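Chemist: Following this line is protein_37.cif, made up of mmCIF, C-alpha atoms, pLDDT in the B column; chains and numbers go by the auth columns:
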data_upload
#
loop_
_atom_site.group_PDB
_atom_site.id
_atom_site.type_symbol
_atom_site.label_atom_id
_atom_site.label_comp_id
_atom_site.label_asym_id
_atom_site.label_seq_id
_atom_site.Cartn_x
_atom_site.Cartn_y
_atom_site.Cartn_z
_atom_site.B_iso_or_equiv
_atom_site.auth_seq_id
_atom_site.auth_asym_id
ATOM 1 C CA MET A 1 -6.882 8.265 2.949 82.00 1140 A
ATOM 2 C CA GLU A 2 -7.242 4.891 1.302 88.00 1141 A
ATOM 3 C CA ARG A 3 -4.066 3.606 2.940 90.00 1142 A
ATOM 4 C CA LEU A 4 -5.344 4.636 6.382 93.00 1143 A
ATOM 5 C CA LYS A 5 -8.738 3.033 5.755 94.00 1144 A
ATOM 6 C CA GLN A 6 -7.255 -0.246 4.542 95.00 1145 A
ATOM 7 C CA ASN A 7 -4.815 -0.268 7.429 94.00 1146 A
ATOM 8 C CA ARG A 8 -7.662 0.332 9.879 95.00 1147 A
ATOM 9 C CA ALA A 9 -9.405 -2.772 8.553 96.00 1148 A
ATOM 10 C CA ARG A 10 -6.185 -4.809 8.835 96.00 1149 A
ATOM 11 C CA VAL A 11 -5.642 -3.753 12.452 97.00 1150 A
ATOM 12 C CA LEU A 12 -9.198 -4.692 13.375 97.00 1151 A
ATOM 13 C CA ALA A 13 -8.922 -8.031 11.536 97.00 1152 A
ATOM 14 C CA ALA A 14 -5.678 -8.815 13.387 96.00 1153 A
ATOM 15 C CA VAL A 15 -7.360 -8.500 16.791 96.00 1154 A
ATOM 16 C CA SER A 16 -10.795 -9.839 15.909 95.00 1155 A
ATOM 17 C CA GLY A 17 -12.140 -13.045 17.375 94.00 1156 A
ATOM 18 C CA LEU A 18 -9.279 -13.716 19.786 95.00 1157 A
ATOM 19 C CA SER A 19 -9.817 -15.141 23.247 94.00 1158 A
ATOM 20 C CA HIS A 20 -8.621 -13.256 26.305 94.00 1159 A
ATOM 21 C CA ASP A 21 -5.709 -15.704 26.610 94.00 1160 A
ATOM 22 C CA GLU A 22 -4.678 -15.043 22.996 95.00 1161 A
ATOM 23 C CA LEU A 23 -4.907 -11.277 23.491 96.00 1162 A
ATOM 24 C CA VAL A 24 -2.700 -11.188 26.584 96.00 1163 A
ATOM 25 C CA PHE A 25 -0.264 -13.986 25.673 96.00 1164 A
ATOM 26 C CA ARG A 26 3.335 -12.779 25.671 95.00 1165 A
ATOM 27 C CA PRO A 27 5.868 -15.125 24.019 93.00 1166 A
ATOM 28 C CA ALA A 28 8.479 -14.027 26.567 92.00 1167 A
ATOM 29 C CA GLU A 29 8.594 -11.714 29.573 91.00 1168 A
ATOM 30 C CA ASP A 30 10.215 -8.938 27.527 91.00 1169 A
ATOM 31 C CA GLN A 31 7.880 -9.305 24.519 94.00 1170 A
ATOM 32 C CA TRP A 32 4.489 -7.808 23.829 96.00 1171 A
ATOM 33 C CA SER A 33 1.075 -9.379 23.557 97.00 1172 A
ATOM 34 C CA VAL A 34 -1.476 -8.604 20.849 97.00 1173 A
ATOM 35 C CA ALA A 35 -3.180 -6.287 23.357 97.00 1174 A
ATOM 36 C CA ASP A 36 0.137 -4.556 24.085 97.00 1175 A
ATOM 37 C CA CYS A 37 0.619 -3.952 20.357 97.00 1176 A
ATOM 38 C CA LEU A 38 -2.821 -2.362 19.985 97.00 1177 A
ATOM 39 C CA GLU A 39 -2.317 -0.198 23.044 97.00 1178 A
ATOM 40 C CA HIS A 40 1.033 0.947 21.627 96.00 1179 A
ATOM 41 C CA ILE A 41 -0.538 1.727 18.230 97.00 1180 A
ATOM 42 C CA ASN A 42 -3.129 3.870 20.038 97.00 1181 A
ATOM 43 C CA LEU A 43 -0.500 5.747 22.035 97.00 1182 A
ATOM 44 C CA VAL A 44 1.716 6.382 19.003 96.00 1183 A
ATOM 45 C CA GLU A 45 -1.165 7.463 16.781 97.00 1184 A
ATOM 46 C CA THR A 46 -2.321 9.934 19.432 97.00 1185 A
ATOM 47 C CA ARG A 47 1.210 11.307 19.777 96.00 1186 A
ATOM 48 C CA ILE A 48 1.637 11.665 15.998 96.00 1187 A
ATOM 49 C CA TYR A 49 -1.740 13.373 15.656 97.00 1188 A
ATOM 50 C CA MET A 50 -0.802 15.854 18.370 97.00 1189 A
ATOM 51 C CA GLY A 51 2.558 16.435 16.648 97.00 1190 A
ATOM 52 C CA ILE A 52 0.807 17.141 13.360 97.00 1191 A
ATOM 53 C CA GLN A 53 -1.578 19.581 15.025 97.00 1192 A
ATOM 54 C CA HIS A 54 1.319 21.373 16.706 97.00 1193 A
ATOM 55 C CA ALA A 55 3.332 21.528 13.463 97.00 1194 A
ATOM 56 C CA LEU A 56 0.339 22.958 11.607 97.00 1195 A
ATOM 57 C CA SER A 57 0.020 25.701 14.223 97.00 1196 A
ATOM 58 C CA GLN A 58 3.491 26.928 13.212 96.00 1197 A
ATOM 59 C CA PRO A 59 4.297 28.949 10.091 97.00 1198 A
ATOM 60 C CA PRO A 60 4.693 26.836 6.931 97.00 1199 A
ATOM 61 C CA GLN A 61 8.255 26.132 5.777 97.00 1200 A
ATOM 62 C CA PRO A 62 8.007 25.210 2.086 96.00 1201 A
ATOM 63 C CA GLU A 63 11.772 25.635 1.755 96.00 1202 A
ATOM 64 C CA LYS A 64 12.192 22.348 3.692 96.00 1203 A
ATOM 65 C CA ARG A 65 10.340 20.265 1.091 96.00 1204 A
ATOM 66 C CA ALA A 66 13.542 19.279 -0.721 95.00 1205 A
ATOM 67 C CA GLU A 67 15.035 18.018 2.545 94.00 1206 A
ATOM 68 C CA VAL A 68 12.315 15.363 2.916 96.00 1207 A
ATOM 69 C CA ALA A 69 11.385 14.763 -0.727 93.00 1208 A
ATOM 70 C CA ASP A 70 12.936 11.293 -0.958 93.00 1209 A
ATOM 71 C CA LYS A 71 11.920 9.937 2.470 95.00 1210 A
ATOM 72 C CA LEU A 72 8.694 8.139 1.622 94.00 1211 A
ATOM 73 C CA PRO A 73 10.264 5.101 -0.125 95.00 1212 A
ATOM 74 C CA LYS A 74 12.684 4.726 2.792 95.00 1213 A
ATOM 75 C CA LEU A 75 9.829 4.889 5.305 95.00 1214 A
ATOM 76 C CA GLU A 76 7.807 2.349 3.331 95.00 1215 A
ATOM 77 C CA ARG A 77 10.757 -0.070 3.366 94.00 1216 A
ATOM 78 C CA ALA A 78 12.074 0.467 6.869 94.00 1217 A
ATOM 79 C CA VAL A 79 9.078 1.005 9.142 94.00 1218 A
ATOM 80 C CA PRO A 80 7.207 -2.284 8.541 92.00 1219 A
ATOM 81 C CA ASP A 81 10.498 -4.277 8.567 92.00 1220 A
ATOM 82 C CA ARG A 82 10.447 -6.341 11.767 90.00 1221 A
ATOM 83 C CA ASN A 83 14.089 -7.396 11.347 89.00 1222 A
ATOM 84 C CA PHE A 84 15.150 -4.016 12.716 84.00 1223 A
ATOM 85 C CA LYS A 85 14.025 -3.554 16.325 85.00 1224 A
ATOM 86 C CA VAL A 86 13.459 -0.087 17.748 81.00 1225 A
ATOM 87 C CA ALA A 87 12.663 0.807 21.334 82.00 1226 A
ATOM 88 C CA GLY A 88 10.195 3.668 21.463 83.00 1227 A
ATOM 89 C CA PRO A 89 10.026 6.297 24.186 86.00 1228 A
ATOM 90 C CA ALA A 90 8.491 5.395 27.541 90.00 1229 A
ATOM 91 C CA ALA A 91 5.452 7.561 26.788 92.00 1230 A
ATOM 92 C CA VAL A 92 4.263 5.094 24.121 94.00 1231 A
ATOM 93 C CA MET A 93 5.003 1.849 25.958 95.00 1232 A
ATOM 94 C CA PRO A 94 1.992 -0.318 26.880 95.00 1233 A
ATOM 95 C CA ARG A 95 0.728 0.308 30.388 94.00 1234 A
ATOM 96 C CA ARG A 96 -1.667 -2.653 30.530 94.00 1235 A
ATOM 97 C CA GLU A 97 -4.207 -0.582 32.472 91.00 1236 A
ATOM 98 C CA TRP A 98 -7.303 -1.427 30.417 92.00 1237 A
ATOM 99 C CA ALA A 99 -10.129 -3.362 32.062 92.00 1238 A
ATOM 100 C CA ALA A 100 -11.561 -4.929 28.887 93.00 1239 A
ATOM 101 C CA PHE A 101 -9.881 -5.401 25.533 95.00 1240 A
ATOM 102 C CA SER A 102 -12.903 -3.782 23.897 95.00 1241 A
ATOM 103 C CA GLU A 103 -11.668 -0.492 25.434 95.00 1242 A
ATOM 104 C CA LEU A 104 -8.511 -0.678 23.317 96.00 1243 A
ATOM 105 C CA VAL A 105 -10.512 -1.441 20.175 97.00 1244 A
ATOM 106 C CA GLU A 106 -12.872 1.474 20.873 97.00 1245 A
ATOM 107 C CA GLN A 107 -9.884 3.750 21.482 96.00 1246 A
ATOM 108 C CA PHE A 108 -8.322 2.657 18.198 97.00 1247 A
ATOM 109 C CA GLU A 109 -11.573 3.285 16.337 97.00 1248 A
ATOM 110 C CA GLY A 110 -11.831 6.775 17.840 97.00 1249 A
ATOM 111 C CA ILE A 111 -8.192 7.671 17.315 96.00 1250 A
ATOM 112 C CA ARG A 112 -8.082 6.376 13.733 97.00 1251 A
ATOM 113 C CA GLY A 113 -11.454 7.952 13.014 97.00 1252 A
ATOM 114 C CA ARG A 114 -10.072 11.309 14.110 97.00 1253 A
ATOM 115 C CA SER A 115 -6.991 10.832 11.907 96.00 1254 A
ATOM 116 C CA LEU A 116 -9.125 9.852 8.910 96.00 1255 A
ATOM 117 C CA GLN A 117 -11.430 12.815 9.400 96.00 1256 A
ATOM 118 C CA PHE A 118 -8.457 15.153 9.631 96.00 1257 A
ATOM 119 C CA ALA A 119 -6.815 13.687 6.503 94.00 1258 A
ATOM 120 C CA GLU A 120 -10.074 13.965 4.586 95.00 1259 A
ATOM 121 C CA GLU A 121 -11.017 17.478 5.682 95.00 1260 A
ATOM 122 C CA THR A 122 -7.750 19.354 6.128 94.00 1261 A
ATOM 123 C CA ALA A 123 -7.028 22.263 3.850 94.00 1262 A
ATOM 124 C CA SER A 124 -3.663 22.806 5.554 94.00 1263 A
ATOM 125 C CA PRO A 125 -0.540 22.509 3.402 96.00 1264 A
ATOM 126 C CA VAL A 126 0.673 19.288 5.077 96.00 1265 A
ATOM 127 C CA HIS A 127 3.756 19.152 2.818 96.00 1266 A
ATOM 128 C CA ASP A 128 4.931 22.509 4.221 97.00 1267 A
ATOM 129 C CA HIS A 129 4.847 21.693 7.939 97.00 1268 A
ATOM 130 C CA PHE A 130 7.454 19.514 9.622 97.00 1269 A
ATOM 131 C CA PHE A 131 8.537 17.885 12.833 96.00 1270 A
ATOM 132 C CA PRO A 132 11.316 15.394 13.517 96.00 1271 A
ATOM 133 C CA HIS A 133 11.206 11.637 13.944 94.00 1272 A
ATOM 134 C CA PRO A 134 13.852 10.175 16.281 91.00 1273 A
ATOM 135 C CA ILE A 135 15.280 7.960 13.518 91.00 1274 A
ATOM 136 C CA PHE A 136 14.122 9.422 10.200 94.00 1275 A
ATOM 137 C CA LYS A 137 14.720 13.024 11.297 95.00 1276 A
ATOM 138 C CA GLU A 138 12.667 15.797 9.670 96.00 1277 A
ATOM 139 C CA MET A 139 9.363 14.652 8.120 97.00 1278 A
ATOM 140 C CA ASP A 140 6.452 16.606 6.694 97.00 1279 A
ATOM 141 C CA CYS A 141 2.931 16.153 8.042 97.00 1280 A
ATOM 142 C CA HIS A 142 1.873 14.177 4.967 96.00 1281 A
ATOM 143 C CA GLN A 143 4.664 11.690 5.663 97.00 1282 A
ATOM 144 C CA TRP A 144 3.544 11.550 9.285 97.00 1283 A
ATOM 145 C CA LEU A 145 0.003 10.651 8.171 96.00 1284 A
ATOM 146 C CA ILE A 146 1.444 7.801 6.112 95.00 1285 A
ATOM 147 C CA MET A 147 3.560 6.838 9.124 96.00 1286 A
ATOM 148 C CA LEU A 148 0.323 6.074 11.015 95.00 1287 A
ATOM 149 C CA ALA A 149 -0.409 3.209 8.625 95.00 1288 A
ATOM 150 C CA LEU A 150 3.217 2.075 8.292 96.00 1289 A
ATOM 151 C CA HIS A 151 3.674 1.954 12.052 95.00 1290 A
ATOM 152 C CA ALA A 152 0.452 -0.011 12.494 96.00 1291 A
ATOM 153 C CA ASP A 153 1.589 -2.380 9.702 96.00 1292 A
ATOM 154 C CA ARG A 154 4.754 -3.048 11.676 95.00 1293 A
ATOM 155 C CA HIS A 155 2.731 -4.030 14.718 96.00 1294 A
ATOM 156 C CA ILE A 156 0.215 -6.057 12.718 97.00 1295 A
ATOM 157 C CA GLY A 157 3.234 -8.144 11.731 95.00 1296 A
ATOM 158 C CA GLN A 158 4.184 -8.411 15.383 96.00 1297 A
ATOM 159 C CA MET A 159 0.632 -9.448 16.321 97.00 1298 A
ATOM 160 C CA GLU A 160 0.727 -12.163 13.670 96.00 1299 A
ATOM 161 C CA GLU A 161 4.035 -13.435 15.094 95.00 1300 A
ATOM 162 C CA VAL A 162 2.569 -13.540 18.624 96.00 1301 A
ATOM 163 C CA LYS A 163 -0.577 -15.333 17.450 96.00 1302 A
ATOM 164 C CA ALA A 164 1.503 -17.910 15.557 93.00 1303 A
ATOM 165 C CA ARG A 165 3.660 -18.503 18.640 92.00 1304 A
ATOM 166 C CA TYR A 166 0.543 -18.949 20.782 90.00 1305 A
ATOM 167 C CA VAL A 167 -0.858 -21.521 18.340 88.00 1306 A
ATOM 168 C CA SER A 168 2.498 -23.292 18.162 84.00 1307 A
ATOM 169 C CA LEU A 169 2.777 -23.545 21.934 78.00 1308 A
ATOM 170 C CA ARG A 170 -0.821 -24.733 22.272 78.00 1309 A
ATOM 171 C CA ARG A 171 -0.209 -27.375 19.603 78.00 1310 A
ATOM 172 C CA THR A 172 2.895 -28.728 21.372 76.00 1311 A
ATOM 173 C CA GLY A 173 1.442 -28.348 24.849 69.00 1312 A
ATOM 174 C CA SER A 174 4.304 -26.046 25.901 64.00 1313 A
ATOM 175 C CA HIS A 175 3.864 -22.924 27.972 55.00 1314 A
ATOM 176 C CA ALA A 176 5.712 -19.639 27.639 50.00 1315 A
#
Could you take the file, read its structure, and then write that structure out as structure tokens?
Modeler:
Amino acid sequence: MERLKQNRARVLAAVSGLSHDELVFRPAEDQWSVADCLEHINLVETRIYMGIQHALSQPPQPEKRAEVADKLPKLERAVPDRNFKVAGPAAVMPRREWAAFSELVEQFEGIRGRSLQFAEETASPVHDHFFPHPIFKEMDCHQWLIMLALHADRHIGQMEEVKARYVSLRRTGSHA
């Protein structure tokens, strides 16, 4: 819970107070803007939440606990590491269809609020329900909840890189 709350604040701080130009600036044609990153976080968090709900609708499988017992330290190291690039599925790629950036912020607040409420109120045995990650393979629903924050941390790092590049280009008078 605390990790998700702190991460929520970090996401909001990363996008706060930026001009429209800063929000939509892309360092290169094939790179994302700050807005793209937030849209992607929203899409992934929705997909993970739906995956958790589906997994919890299935019978528990406590016998799988040993299979995933040592994954959390690996996730905590690997997911935020921006040196390793991963292309996600098309379903979670930014669509850039929002009219105002505030829509993305409101979506994030709603999506994360739902995740926080679930994490706080669930009585489900989240360590006994599983679904696979494309890279990390089988993960329990507790690990998936932590993945929400780790994944957002990864993209907070990306947002900071984009903002620094924007400032650098503005300072030198260059254009991307």
Chemist: Nearest to A:Lys1144 among A:Ser1196, A:Asn1222, A:Thr1261, A:Gln1256, with distances taken over all atoms listed in the file: which residue is it?
Modeler: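 Distance minimum relative to A:Lys1144 lands on A:Gln1256.
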Chemist: Running the PyMOL selection byres ((chain A and resi 1146) around 12) on this model by hand, what would come out? Give it as a PyMOL selection string.
Modeler: chain A and resi 1140-1145+1147-1153+1180+1247-1248+1251-1252+1255+1284-1295
Chemist: Rank nothing, just name the residue among A:Leu1177, A:Leu1182, A:Cys1280, A:Val1306 nearest to A:Phe1240, using all atoms listed in the file.
Modeler: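 Answer, going by the shortest atom-to-atom distance: A:Leu1177.
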Chemist: Which one is closest to A:Gly1190: A:Tyr1305, A:Phe1269, A:Gln1297, A:Glu1245? Count only C-alpha atoms.
Modeler: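 Among A:Tyr1305, A:Phe1269, A:Gln1297, A:Glu1245, it is A:Phe1269 that comes nearest to A:Gly1190.
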Chemist: The PyMOL selection byres ((chain A and resi 1266-1268) around 6) - which residues does that actually catch in the file I just gave you? List them as a PyMOL selection string.
Modeler: chain A and resi 1194-1195+1199-1201+1264-1265+1269+1279-1281
Chemist: Given all atoms listed in the file as the basis, pick out the residue of A:Gly1296, A:Gly1156, A:Pro1198, A:Pro1233 nearest to A:Val1218.
Modeler: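 Looking only at the distances to A:Val1218, the closest residue turns out to be A:Gly1296.
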Chemist: Return as lines of an AutoDock Vina configuration file the box centre and box size in Å, one decimal, for an axis-aligned box around all listed atoms of stretch 1247-1250 of chain A padded by 3 Å per side.
Modeler:
center_x = -10.0
center_y = 5.2
center_z = 17.3
size_x = 9.6
size_y = 11.0
size_z = 7.9
Chemist: With distances taken over all atoms listed in the file, which of A:Ser1307, A:Gln1170, A:Gln1246, A:Gln1197 is nearest to A:Phe1270?
Modeler: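 Counting all atoms listed in the file, the residue closest to A:Phe1270 is A:Gln1197.
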Chemist: Have a look at atom CA of A:Asp1160 and atom CA of A:Met1232 and let me know their distance in Å, one decimal.
Modeler: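 Taking atom CA of A:Asp1160 and atom CA of A:Met1232, their separation equals 20.6 Å.
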Chemist: For a test of reading the model, state the distance in Å between atom CA of A:Leu1162 and atom CA of A:Ala1174, rounded to one decimal.
Modeler: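 Separation between atom CA of A:Leu1162 and atom CA of A:Ala1174: 5.3 Å.
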Chemist: Apply the PyMOL selection byres ((chain A and resi 1173) around 7) to the file shown and report the selected residues as an mmCIF file with C-alpha atoms, in the frame of the given file.
Modeler:
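Result file expr.cif:
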data_model
loop_
_atom_site.group_PDB
_atom_site.id
_atom_site.type_symbol
_atom_site.label_atom_id
_atom_site.label_comp_id
_atom_site.auth_asym_id
_atom_site.auth_seq_id
_atom_site.Cartn_x
_atom_site.Cartn_y
_atom_site.Cartn_z
ATOM 1 C CA LEU A 1162 -4.907 -11.277 23.491
ATOM 2 C CA VAL A 1163 -2.700 -11.188 26.584
ATOM 3 C CA TRP A 1171 4.489 -7.808 23.829
ATOM 4 C CA SER A 1172 1.075 -9.379 23.557
ATOM 5 C CA ALA A 1174 -3.180 -6.287 23.357
ATOM 6 C CA ASP A 1175 0.137 -4.556 24.085
ATOM 7 C CA CYS A 1176 0.619 -3.952 20.357
ATOM 8 C CA LEU A 1177 -2.821 -2.362 19.985
ATOM 9 C CA MET A 1298 0.632 -9.448 16.321
ATOM 10 C CA VAL A 1301 2.569 -13.540 18.624
#
Chemist: Could you state the separation of atom CA of A:Leu1211 and atom CA of A:Pro1273 in Å, given to one decimal place?
Modeler: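 Distance reported for this atom pair: 15.7 Å.
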Chemist: Can you work out which one of A:Thr1311, A:Ala1303, A:Ala1238, A:Val1231 has the shortest atom-to-atom distance to A:Glu1161, counting only C-alpha atoms?
Modeler: A:Ala1303
Chemist: Complete the atom set of stretch 1239-1250 of chain A to all heavy atoms and return it as a PDB file, in the coordinates of the input.
Modeler:
ATOM      1  N   ALA A1239     -11.045  -4.007  29.908  1.00 93.00           N
ATOM      2  CA  ALA A1239     -11.561  -4.929  28.887  1.00 93.00           C
ATOM      3  C   ALA A1239     -10.899  -4.589  27.562  1.00 93.00           C
ATOM      4  O   ALA A1239     -10.717  -3.411  27.241  1.00 93.00           O
ATOM      5  CB  ALA A1239     -13.076  -4.801  28.769  1.00 93.00           C
ATOM      6  N   PHE A1240     -10.549  -5.617  26.811  1.00 95.00           N
ATOM      7  CA  PHE A1240      -9.881  -5.401  25.533  1.00 95.00           C
ATOM      8  C   PHE A1240     -10.711  -4.513  24.610  1.00 95.00           C
ATOM      9  O   PHE A1240     -10.165  -3.736  23.824  1.00 95.00           O
ATOM     10  CB  PHE A1240      -9.558  -6.735  24.854  1.00 95.00           C
ATOM     11  CG  PHE A1240      -8.804  -6.560  23.575  1.00 95.00           C
ATOM     12  CD1 PHE A1240      -7.468  -6.192  23.581  1.00 95.00           C
ATOM     13  CD2 PHE A1240      -9.440  -6.735  22.360  1.00 95.00           C
ATOM     14  CE1 PHE A1240      -6.773  -6.005  22.403  1.00 95.00           C
ATOM     15  CE2 PHE A1240      -8.750  -6.555  21.170  1.00 95.00           C
ATOM     16  CZ  PHE A1240      -7.413  -6.192  21.192  1.00 95.00           C
ATOM     17  N   SER A1241     -12.025  -4.603  24.737  1.00 95.00           N
ATOM     18  CA  SER A1241     -12.903  -3.782  23.897  1.00 95.00           C
ATOM     19  C   SER A1241     -12.593  -2.289  24.058  1.00 95.00           C
ATOM     20  O   SER A1241     -12.798  -1.506  23.137  1.00 95.00           O
ATOM     21  CB  SER A1241     -14.372  -4.058  24.200  1.00 95.00           C
ATOM     22  OG  SER A1241     -14.662  -3.773  25.560  1.00 95.00           O
ATOM     23  N   GLU A1242     -12.071  -1.896  25.223  1.00 95.00           N
ATOM     24  CA  GLU A1242     -11.668  -0.492  25.434  1.00 95.00           C
ATOM     25  C   GLU A1242     -10.574  -0.097  24.446  1.00 95.00           C
ATOM     26  O   GLU A1242     -10.600   1.013  23.894  1.00 95.00           O
ATOM     27  CB  GLU A1242     -11.130  -0.277  26.848  1.00 95.00           C
ATOM     28  CG  GLU A1242     -12.123  -0.393  27.960  1.00 95.00           C
ATOM     29  CD  GLU A1242     -11.466  -0.294  29.334  1.00 95.00           C
ATOM     30  OE1 GLU A1242     -10.380   0.303  29.456  1.00 95.00           O
ATOM     31  OE2 GLU A1242     -12.052  -0.833  30.289  1.00 95.00           O
ATOM     32  N   LEU A1243      -9.606  -0.979  24.242  1.00 96.00           N
ATOM     33  CA  LEU A1243      -8.511  -0.678  23.317  1.00 96.00           C
ATOM     34  C   LEU A1243      -9.013  -0.583  21.882  1.00 96.00           C
ATOM     35  O   LEU A1243      -8.577   0.276  21.122  1.00 96.00           O
ATOM     36  CB  LEU A1243      -7.416  -1.745  23.411  1.00 96.00           C
ATOM     37  CG  LEU A1243      -6.620  -1.797  24.701  1.00 96.00           C
ATOM     38  CD1 LEU A1243      -5.615  -2.943  24.668  1.00 96.00           C
ATOM     39  CD2 LEU A1243      -5.909  -0.477  24.959  1.00 96.00           C
ATOM     40  N   VAL A1244      -9.942  -1.467  21.525  1.00 97.00           N
ATOM     41  CA  VAL A1244     -10.512  -1.441  20.175  1.00 97.00           C
ATOM     42  C   VAL A1244     -11.298  -0.150  19.977  1.00 97.00           C
ATOM     43  O   VAL A1244     -11.154   0.526  18.946  1.00 97.00           O
ATOM     44  CB  VAL A1244     -11.387  -2.681  19.912  1.00 97.00           C
ATOM     45  CG1 VAL A1244     -12.099  -2.580  18.568  1.00 97.00           C
ATOM     46  CG2 VAL A1244     -10.544  -3.958  19.985  1.00 97.00           C
ATOM     47  N   GLU A1245     -12.102   0.225  20.968  1.00 97.00           N
ATOM     48  CA  GLU A1245     -12.872   1.474  20.873  1.00 97.00           C
ATOM     49  C   GLU A1245     -11.938   2.677  20.779  1.00 97.00           C
ATOM     50  O   GLU A1245     -12.202   3.615  20.020  1.00 97.00           O
ATOM     51  CB  GLU A1245     -13.806   1.615  22.075  1.00 97.00           C
ATOM     52  CG  GLU A1245     -14.973   0.657  22.059  1.00 97.00           C
ATOM     53  CD  GLU A1245     -15.757   0.662  23.364  1.00 97.00           C
ATOM     54  OE1 GLU A1245     -15.671   1.655  24.126  1.00 97.00           O
ATOM     55  OE2 GLU A1245     -16.453  -0.337  23.625  1.00 97.00           O
ATOM     56  N   GLN A1246     -10.861   2.663  21.558  1.00 96.00           N
ATOM     57  CA  GLN A1246      -9.884   3.750  21.482  1.00 96.00           C
ATOM     58  C   GLN A1246      -9.282   3.822  20.080  1.00 96.00           C
ATOM     59  O   GLN A1246      -9.158   4.909  19.518  1.00 96.00           O
ATOM     60  CB  GLN A1246      -8.773   3.566  22.513  1.00 96.00           C
ATOM     61  CG  GLN A1246      -9.174   3.858  23.917  1.00 96.00           C
ATOM     62  CD  GLN A1246      -8.066   3.501  24.910  1.00 96.00           C
ATOM     63  OE1 GLN A1246      -7.005   3.013  24.545  1.00 96.00           O
ATOM     64  NE2 GLN A1246      -8.325   3.743  26.182  1.00 96.00           N
ATOM     65  N   PHE A1247      -8.895   2.670  19.545  1.00 97.00           N
ATOM     66  CA  PHE A1247      -8.322   2.657  18.198  1.00 97.00           C
ATOM     67  C   PHE A1247      -9.309   3.231  17.189  1.00 97.00           C
ATOM     68  O   PHE A1247      -8.940   4.057  16.358  1.00 97.00           O
ATOM     69  CB  PHE A1247      -7.899   1.235  17.785  1.00 97.00           C
ATOM     70  CG  PHE A1247      -7.449   1.174  16.353  1.00 97.00           C
ATOM     71  CD1 PHE A1247      -6.210   1.685  15.986  1.00 97.00           C
ATOM     72  CD2 PHE A1247      -8.258   0.633  15.374  1.00 97.00           C
ATOM     73  CE1 PHE A1247      -5.795   1.664  14.659  1.00 97.00           C
ATOM     74  CE2 PHE A1247      -7.859   0.601  14.053  1.00 97.00           C
ATOM     75  CZ  PHE A1247      -6.618   1.116  13.694  1.00 97.00           C
ATOM     76  N   GLU A1248     -10.555   2.787  17.269  1.00 97.00           N
ATOM     77  CA  GLU A1248     -11.573   3.285  16.337  1.00 97.00           C
ATOM     78  C   GLU A1248     -11.710   4.810  16.437  1.00 97.00           C
ATOM     79  O   GLU A1248     -11.786   5.495  15.421  1.00 97.00           O
ATOM     80  CB  GLU A1248     -12.921   2.620  16.624  1.00 97.00           C
ATOM     81  CG  GLU A1248     -12.983   1.171  16.227  1.00 97.00           C
ATOM     82  CD  GLU A1248     -13.343   0.961  14.779  1.00 97.00           C
ATOM     83  OE1 GLU A1248     -12.889   1.733  13.909  1.00 97.00           O
ATOM     84  OE2 GLU A1248     -14.078   0.016  14.516  1.00 97.00           O
ATOM     85  N   GLY A1249     -11.713   5.332  17.655  1.00 97.00           N
ATOM     86  CA  GLY A1249     -11.831   6.775  17.840  1.00 97.00           C
ATOM     87  C   GLY A1249     -10.605   7.526  17.351  1.00 97.00           C
ATOM     88  O   GLY A1249     -10.723   8.550  16.663  1.00 97.00           O
ATOM     89  N   ILE A1250      -9.443   7.017  17.700  1.00 96.00           N
ATOM     90  CA  ILE A1250      -8.192   7.671  17.315  1.00 96.00           C
ATOM     91  C   ILE A1250      -8.022   7.645  15.802  1.00 96.00           C
ATOM     92  O   ILE A1250      -7.715   8.664  15.176  1.00 96.00           O
ATOM     93  CB  ILE A1250      -6.997   7.000  18.034  1.00 96.00           C
ATOM     94  CG1 ILE A1250      -7.069   7.265  19.532  1.00 96.00           C
ATOM     95  CG2 ILE A1250      -5.665   7.450  17.454  1.00 96.00           C
ATOM     96  CD1 ILE A1250      -6.196   6.337  20.374  1.00 96.00           C
TER      97      ILE A1250
END
